[in-house]
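A quick write-up on the structure given underneath.
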Amino acid sequence: MHSLLKLFAVSPLIISSIVGQTVYLAGDSTMAKGGGGNGTDGWGQYLGQYLTIPVVNRAVAGRSARSYTDEERFDSLTNEVQSGDYVIIEFGHNDGLSGAVDNGRQDAFGDGYDTTATVTEADGTTQVIHTFTYYLQNAITALQAKGAIPIVSSQTPDNIWNGNVIAAGPRFVGYAQLVGQRTSAAYVDHYDYVAQAYNAYGQTTVTTWYPLDHTHTSPTGANVVAQAFIRGLLCGNSVLKSKVNAAGQTVPNDCL
């Protein structure tokens with residue numbers, strides 16, 4: 001009986017030692033299984049080989065911060081995670097303005113939490129939408145309340161070059177960093193770490209990793225993008241870097 005009581009006495013320590021055992025991913029086709037189709041793949045499919053804990057990929061092709069929210073995918077993810085789990089959030093490719101008719105994905109322009117825009121749907125009705133920062137801040141706040149550990153990641157680069165280097169990132173890169181600051185969530189500048197890797201390989205090689213368009217990578221390219229995330233993770237302040245395995249410790253390139 002005495003031994004049994006001792007077991008119950010230490011069980012909270014045992015429980016606390018096993019939290020944070022899963023990494024969840026929320027994003028678009030550049031992260032998702034199957035990428036943009038036709039043999040492309042998302043980098044989230046290659047992340048697990050560099051970590052000591054499992055990865056669950058909840059990224060969905062074609063989604064933006066707004067549509068992932070509107071489809072209640074963030075709600076489902078918040079319900080799914082356990083306290084101590086990690087959630088890597090990366091959007092931006094589908095969040096740009098869509099023109100006169102709303103495409104269900106665009107966010108209101110700007111980085112203000114309270115900034116809104118009224119958009120016109122195909123049937124002539126109107127809808128009030130919010131900013132990229134609004135949708136992500138709300139998602140992160142809900143995840144943090146659940147005890148999860150969100151990580152904000154900037155979007156990946158397209159295969160677009162300015163001379164011999166990858167072109168500068170769009171506004172959503174800065175927005176992602178701002179979201180991290182506002183929510184005290186760790187931030188990985190995935191855009192710049194992928195750009196660093198791509199610049200090292202050169203445009204000719206990198207272009208072979210884009211068989212479909214300038215956005216979606218082949219499996220080889222997706223693995224390079226996953227490695228770049230790991231490098232950014234190791235160079236940052238997220239506690240997830242303690243879960244990087246031996247293979248992850250040797251990914252190429254340097255801290256920015």
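Each chain in the structure tokens gets a letter, A, B, ..., in the order shown, and its residues are numbered from 1; ligands are numbered from 1 in order too.
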Exercise: segment 197-212 of chain A partners within 10 Å, only C-alpha atoms, chain neighbours under 2 positions left out, as a VMD selection string: chain A and resid 36 to 40 157 to 161 163 to 166 192 to 195 214 to 222 224 to 225 227 to 228 231 252 to 254
Convert the current residue selection to file output with N, CA, C and O atoms, as a CSV table (one decimal), in the first residue's frame.
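That gives us out21.csv:
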```csv
chain,number,residue,atom,x,y,z
A,36,GLY,N,0.2,21.0,-54.1
A,36,GLY,CA,-0.7,21.5,-55.1
A,36,GLY,C,-1.1,20.5,-56.2
A,36,GLY,O,-1.7,20.8,-57.2
A,37,GLY,N,-0.8,19.2,-55.9
A,37,GLY,CA,-1.2,18.1,-56.8
A,37,GLY,C,-0.1,17.9,-57.8
A,37,GLY,O,0.9,18.6,-57.9
A,38,ASN,N,-0.3,16.9,-58.7
A,38,ASN,CA,0.6,16.6,-59.8
A,38,ASN,C,2.0,16.3,-59.4
A,38,ASN,O,3.0,16.8,-60.0
A,39,GLY,N,2.1,15.6,-58.3
A,39,GLY,CA,3.5,15.2,-57.8
A,39,GLY,C,4.1,16.1,-56.9
A,39,GLY,O,5.3,15.9,-56.4
A,40,THR,N,3.5,17.3,-56.6
A,40,THR,CA,4.1,18.2,-55.6
A,40,THR,C,3.8,17.7,-54.2
A,40,THR,O,2.9,16.9,-54.0
A,157,PRO,N,8.9,31.1,-49.7
A,157,PRO,CA,9.0,31.9,-50.9
A,157,PRO,C,8.4,31.2,-52.1
A,157,PRO,O,8.4,30.0,-52.2
A,158,ASP,N,8.0,32.0,-53.1
A,158,ASP,CA,7.8,31.4,-54.4
A,158,ASP,C,9.1,31.3,-55.2
A,158,ASP,O,10.1,32.0,-54.8
A,159,ASN,N,9.1,30.6,-56.3
A,159,ASN,CA,10.3,30.5,-57.1
A,159,ASN,C,10.4,31.7,-58.0
A,159,ASN,O,10.3,31.7,-59.2
A,160,ILE,N,10.6,32.9,-57.4
A,160,ILE,CA,10.7,34.2,-58.1
A,160,ILE,C,12.0,34.8,-57.6
A,160,ILE,O,12.2,35.0,-56.4
A,161,TRP,N,12.8,35.2,-58.6
A,161,TRP,CA,14.2,35.7,-58.3
A,161,TRP,C,14.3,37.2,-58.7
A,161,TRP,O,13.7,37.7,-59.6
A,163,GLY,N,17.5,38.9,-59.7
A,163,GLY,CA,18.9,38.6,-60.0
A,163,GLY,C,19.3,37.2,-59.6
A,163,GLY,O,18.6,36.3,-59.9
A,164,ASN,N,20.3,37.1,-58.7
A,164,ASN,CA,20.8,35.8,-58.2
A,164,ASN,C,20.2,35.4,-56.9
A,164,ASN,O,20.7,34.5,-56.3
A,165,VAL,N,19.2,36.2,-56.4
A,165,VAL,CA,18.7,35.9,-55.1
A,165,VAL,C,17.1,35.8,-55.1
A,165,VAL,O,16.5,36.4,-56.0
A,166,ILE,N,16.5,35.1,-54.2
A,166,ILE,CA,15.1,35.1,-54.1
A,166,ILE,C,14.5,36.5,-53.8
A,166,ILE,O,15.1,37.2,-53.0
A,192,ASP,N,12.8,33.7,-44.9
A,192,ASP,CA,14.2,34.1,-45.1
A,192,ASP,C,15.1,32.9,-45.0
A,192,ASP,O,16.2,32.8,-45.6
A,193,TYR,N,14.7,31.9,-44.1
A,193,TYR,CA,15.6,30.7,-44.0
A,193,TYR,C,15.5,29.8,-45.3
A,193,TYR,O,16.5,29.2,-45.7
A,194,VAL,N,14.3,29.8,-45.9
A,194,VAL,CA,14.2,29.1,-47.2
A,194,VAL,C,15.0,29.9,-48.3
A,194,VAL,O,15.7,29.3,-49.1
A,195,ALA,N,14.8,31.2,-48.3
A,195,ALA,CA,15.6,32.0,-49.2
A,195,ALA,C,17.1,31.8,-49.1
A,195,ALA,O,17.8,31.7,-50.1
A,214,HIS,N,5.2,28.3,-59.8
A,214,HIS,CA,6.3,28.9,-58.9
A,214,HIS,C,6.0,28.8,-57.4
A,214,HIS,O,6.7,29.4,-56.7
A,215,THR,N,5.0,28.1,-57.0
A,215,THR,CA,4.6,28.0,-55.6
A,215,THR,C,4.8,26.6,-55.0
A,215,THR,O,5.2,26.6,-53.8
A,216,HIS,N,4.5,25.6,-55.7
A,216,HIS,CA,4.4,24.2,-55.1
A,216,HIS,C,5.7,23.4,-55.4
A,216,HIS,O,6.1,23.3,-56.6
A,217,THR,N,6.2,22.8,-54.4
A,217,THR,CA,7.5,22.1,-54.5
A,217,THR,C,7.4,20.6,-54.8
A,217,THR,O,6.4,20.0,-54.4
A,218,SER,N,8.4,20.1,-55.4
A,218,SER,CA,8.5,18.6,-55.5
A,218,SER,C,8.9,18.1,-54.1
A,218,SER,O,9.2,18.8,-53.2
A,219,PRO,N,8.8,16.8,-53.9
A,219,PRO,CA,9.3,16.2,-52.7
A,219,PRO,C,10.7,16.6,-52.3
A,219,PRO,O,10.9,16.9,-51.1
A,220,THR,N,11.6,16.7,-53.2
A,220,THR,CA,12.9,17.1,-52.9
A,220,THR,C,12.9,18.6,-52.4
A,220,THR,O,13.6,18.9,-51.4
A,221,GLY,N,12.2,19.4,-53.1
A,221,GLY,CA,12.1,20.8,-52.7
A,221,GLY,C,11.5,21.0,-51.3
A,221,GLY,O,11.9,21.8,-50.5
A,222,ALA,N,10.4,20.2,-51.1
A,222,ALA,CA,9.7,20.2,-49.8
A,222,ALA,C,10.6,19.9,-48.7
A,222,ALA,O,10.5,20.4,-47.6
A,224,VAL,N,13.9,20.3,-48.6
A,224,VAL,CA,14.8,21.5,-48.4
A,224,VAL,C,14.0,22.6,-47.6
A,224,VAL,O,14.6,23.2,-46.7
A,225,VAL,N,12.8,22.8,-47.9
A,225,VAL,CA,12.0,23.8,-47.1
A,225,VAL,C,11.8,23.3,-45.7
A,225,VAL,O,11.8,24.2,-44.8
A,227,GLN,N,13.9,21.4,-44.0
A,227,GLN,CA,15.2,21.7,-43.4
A,227,GLN,C,15.4,23.1,-43.0
A,227,GLN,O,16.0,23.4,-41.9
A,228,ALA,N,15.0,24.0,-43.9
A,228,ALA,CA,15.1,25.4,-43.6
A,228,ALA,C,14.3,25.8,-42.3
A,228,ALA,O,14.7,26.7,-41.5
A,231,ARG,N,16.3,24.8,-39.4
A,231,ARG,CA,17.4,25.7,-39.1
A,231,ARG,C,16.9,27.0,-38.4
A,231,ARG,O,17.5,27.4,-37.5
A,252,PRO,N,21.6,22.0,-43.2
A,252,PRO,CA,22.6,23.0,-43.7
A,252,PRO,C,22.2,24.4,-43.3
A,252,PRO,O,21.1,24.7,-42.9
A,253,ASN,N,23.2,25.3,-43.6
A,253,ASN,CA,23.1,26.8,-43.5
A,253,ASN,C,23.2,27.3,-42.1
A,253,ASN,O,23.4,26.5,-41.1
A,254,ASP,N,23.2,28.6,-41.9
A,254,ASP,CA,23.6,29.3,-40.7
A,254,ASP,C,22.4,30.1,-40.1
A,254,ASP,O,21.4,30.3,-40.8
```
Excluding Ala61 of chain A and residues on its chain fewer than 3 positions from it, collect all residues at most 12 Å away from it, counting only C-alpha atoms, and give them as an NGL selection string. :A and (26-37 or 40-42 or 57-58 or 64-65 or 67-68 or 91 or 93-94 or 105 or 215-216)
Export of prior selection with N, CA, C and O atoms as a compact mmCIF listing (two decimals), in the first residue's frame:
```txt
# COMPACT_ATOMS: atom_id res chain seq x y z
N ALA A 26 -0.76 23.78 -39.14
CA ALA A 26 -1.91 24.45 -39.75
C ALA A 26 -1.38 25.36 -40.85
O ALA A 26 -0.54 26.23 -40.60
N GLY A 27 -1.84 25.14 -42.07
CA GLY A 27 -1.34 25.95 -43.17
C GLY A 27 -2.04 25.63 -44.47
O GLY A 27 -3.15 25.09 -44.49
N ASP A 28 -1.38 25.96 -45.58
CA ASP A 28 -1.95 25.80 -46.91
C ASP A 28 -1.24 24.69 -47.68
O ASP A 28 -0.55 23.85 -47.09
N SER A 29 -1.38 24.69 -49.01
CA SER A 29 -0.84 23.61 -49.82
C SER A 29 0.68 23.51 -49.76
O SER A 29 1.24 22.42 -49.99
N THR A 30 1.37 24.60 -49.49
CA THR A 30 2.82 24.54 -49.43
C THR A 30 3.29 23.73 -48.23
O THR A 30 4.45 23.30 -48.19
N MET A 31 2.40 23.50 -47.28
CA MET A 31 2.68 22.69 -46.10
C MET A 31 1.96 21.35 -46.14
O MET A 31 2.40 20.37 -45.54
N ALA A 32 0.88 21.26 -46.88
CA ALA A 32 -0.05 20.12 -46.80
C ALA A 32 0.43 18.90 -47.57
O ALA A 32 1.21 18.99 -48.53
N LYS A 33 -0.09 17.75 -47.17
CA LYS A 33 0.14 16.51 -47.91
C LYS A 33 -0.40 16.66 -49.34
O LYS A 33 -1.51 17.12 -49.55
N GLY A 34 0.42 16.29 -50.31
CA GLY A 34 0.00 16.40 -51.70
C GLY A 34 0.20 17.76 -52.32
O GLY A 34 -0.04 17.93 -53.52
N GLY A 35 0.63 18.73 -51.54
CA GLY A 35 0.93 20.06 -52.06
C GLY A 35 -0.16 20.62 -52.95
O GLY A 35 -1.33 20.65 -52.58
N GLY A 36 0.23 21.01 -54.15
CA GLY A 36 -0.73 21.52 -55.13
C GLY A 36 -1.13 20.48 -56.16
O GLY A 36 -1.69 20.83 -57.21
N GLY A 37 -0.84 19.22 -55.87
CA GLY A 37 -1.18 18.13 -56.80
C GLY A 37 -0.10 17.90 -57.84
O GLY A 37 0.95 18.55 -57.86
N THR A 40 3.53 17.27 -56.59
CA THR A 40 4.12 18.20 -55.62
C THR A 40 3.76 17.74 -54.20
O THR A 40 2.89 16.90 -54.00
N ASP A 41 4.44 18.31 -53.23
CA ASP A 41 4.18 17.95 -51.85
C ASP A 41 4.49 19.12 -50.94
O ASP A 41 5.30 20.00 -51.29
N GLY A 42 3.85 19.12 -49.77
CA GLY A 42 4.08 20.18 -48.80
C GLY A 42 5.20 19.84 -47.84
O GLY A 42 5.43 18.67 -47.51
N ASN A 57 -0.17 16.58 -39.56
CA ASN A 57 -0.30 17.63 -40.56
C ASN A 57 -1.76 17.95 -40.82
O ASN A 57 -2.47 17.20 -41.49
N ARG A 58 -2.22 19.09 -40.33
CA ARG A 58 -3.59 19.55 -40.54
C ARG A 58 -3.66 20.69 -41.56
O ARG A 58 -4.67 21.38 -41.65
N SER A 64 -6.52 30.04 -46.48
CA SER A 64 -5.90 31.26 -45.95
C SER A 64 -6.19 31.32 -44.46
O SER A 64 -6.94 30.49 -43.92
N ALA A 65 -5.63 32.30 -43.80
CA ALA A 65 -5.93 32.49 -42.38
C ALA A 65 -7.44 32.67 -42.18
O ALA A 65 -8.02 32.13 -41.24
N SER A 67 -10.04 31.66 -44.38
CA SER A 67 -10.87 30.50 -44.72
C SER A 67 -10.64 29.34 -43.74
O SER A 67 -11.56 28.59 -43.44
N TYR A 68 -9.43 29.20 -43.24
CA TYR A 68 -9.16 28.17 -42.23
C TYR A 68 -9.97 28.45 -40.97
O TYR A 68 -10.49 27.54 -40.32
N PHE A 91 0.57 30.75 -42.88
CA PHE A 91 -0.32 31.13 -43.97
C PHE A 91 0.28 32.33 -44.71
O PHE A 91 1.29 32.88 -44.31
N HIS A 93 0.12 32.57 -48.59
CA HIS A 93 0.05 32.40 -50.04
C HIS A 93 -1.34 32.70 -50.61
O HIS A 93 -1.45 33.15 -51.75
N ASN A 94 -2.38 32.43 -49.85
CA ASN A 94 -3.76 32.60 -50.35
C ASN A 94 -4.50 33.76 -49.72
O ASN A 94 -5.71 33.88 -49.88
N ARG A 105 -11.21 33.82 -49.47
CA ARG A 105 -9.90 33.63 -48.84
C ARG A 105 -9.22 34.94 -48.46
O ARG A 105 -8.43 34.98 -47.51
N THR A 215 4.95 28.07 -57.03
CA THR A 215 4.57 28.02 -55.62
C THR A 215 4.77 26.65 -54.99
O THR A 215 5.19 26.55 -53.83
N HIS A 216 4.48 25.58 -55.71
CA HIS A 216 4.42 24.24 -55.13
C HIS A 216 5.67 23.42 -55.45
O HIS A 216 6.07 23.32 -56.61
```
Quick one: residues within 10 Å of segment 131-141 of chain A, only C-alpha atoms counted, chain neighbours fewer than 6 positions away excluded, as a PyMOL selection string? chain A and resi 64-70+73-75+77-78+87+89-92+95-96+106-117+147-152+172+175-180+182-185
Do you have the atom CA of Asn237 of chain A-atom CA of Tyr187 of chain A distance handy?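 Calculated distance between atom CA of Asn237 of chain A and atom CA of Tyr187 of chain A is 8.1 Å.
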Using atom CA of Leu234 of chain A and atom CA of Ile88 of chain A as the two end points, give the distance in Å to one decimal.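 Separating atom CA of Leu234 of chain A from atom CA of Ile88 of chain A is a distance of 14.5 Å.
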Just how far from atom CA of Gly48 of chain A is atom CA of Arg63 of chain A, in Å to one decimal? 22.2 Å
Give me, as number ranges by chain, all polymer residues having an atom no more than 9 Å from Val239 of chain A, counting only C-alpha atoms and skipping those fewer than 3 positions away in the same chain. A: 149, 186, 233, 236, 242-243
Could you pull out the alpha helix (DSSP H) residues of segment 54-248 of chain A, going by DSSP on the backbone, and write them as a ChimeraX atom specification? /A:65-70,73-80,132-146,171-183,190-201,203-207,219-234,246-248
Taking the DSSP secondary structure from the backbone, can you list the residues of segment 32-253 of chain A that are strand (DSSP E or B), as JSON, numbers by chain? {"A": [51, 55, 56, 57, 86, 87, 88, 89, 90, 108, 116, 117, 118, 119, 120, 126, 127, 128, 129, 130, 131, 149, 150, 151, 152, 153, 161, 162, 165, 166, 186, 187, 188, 244]}
Please determine, counting only C-alpha atoms, which residue among A:Asn162, A:Ser154, A:Leu256, A:Ser83 has the shortest atom-to-atom distance to Gln196 of chain A.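 Among A:Asn162, A:Ser154, A:Leu256, A:Ser83, it is A:Leu256 that comes nearest to Gln196 of chain A.
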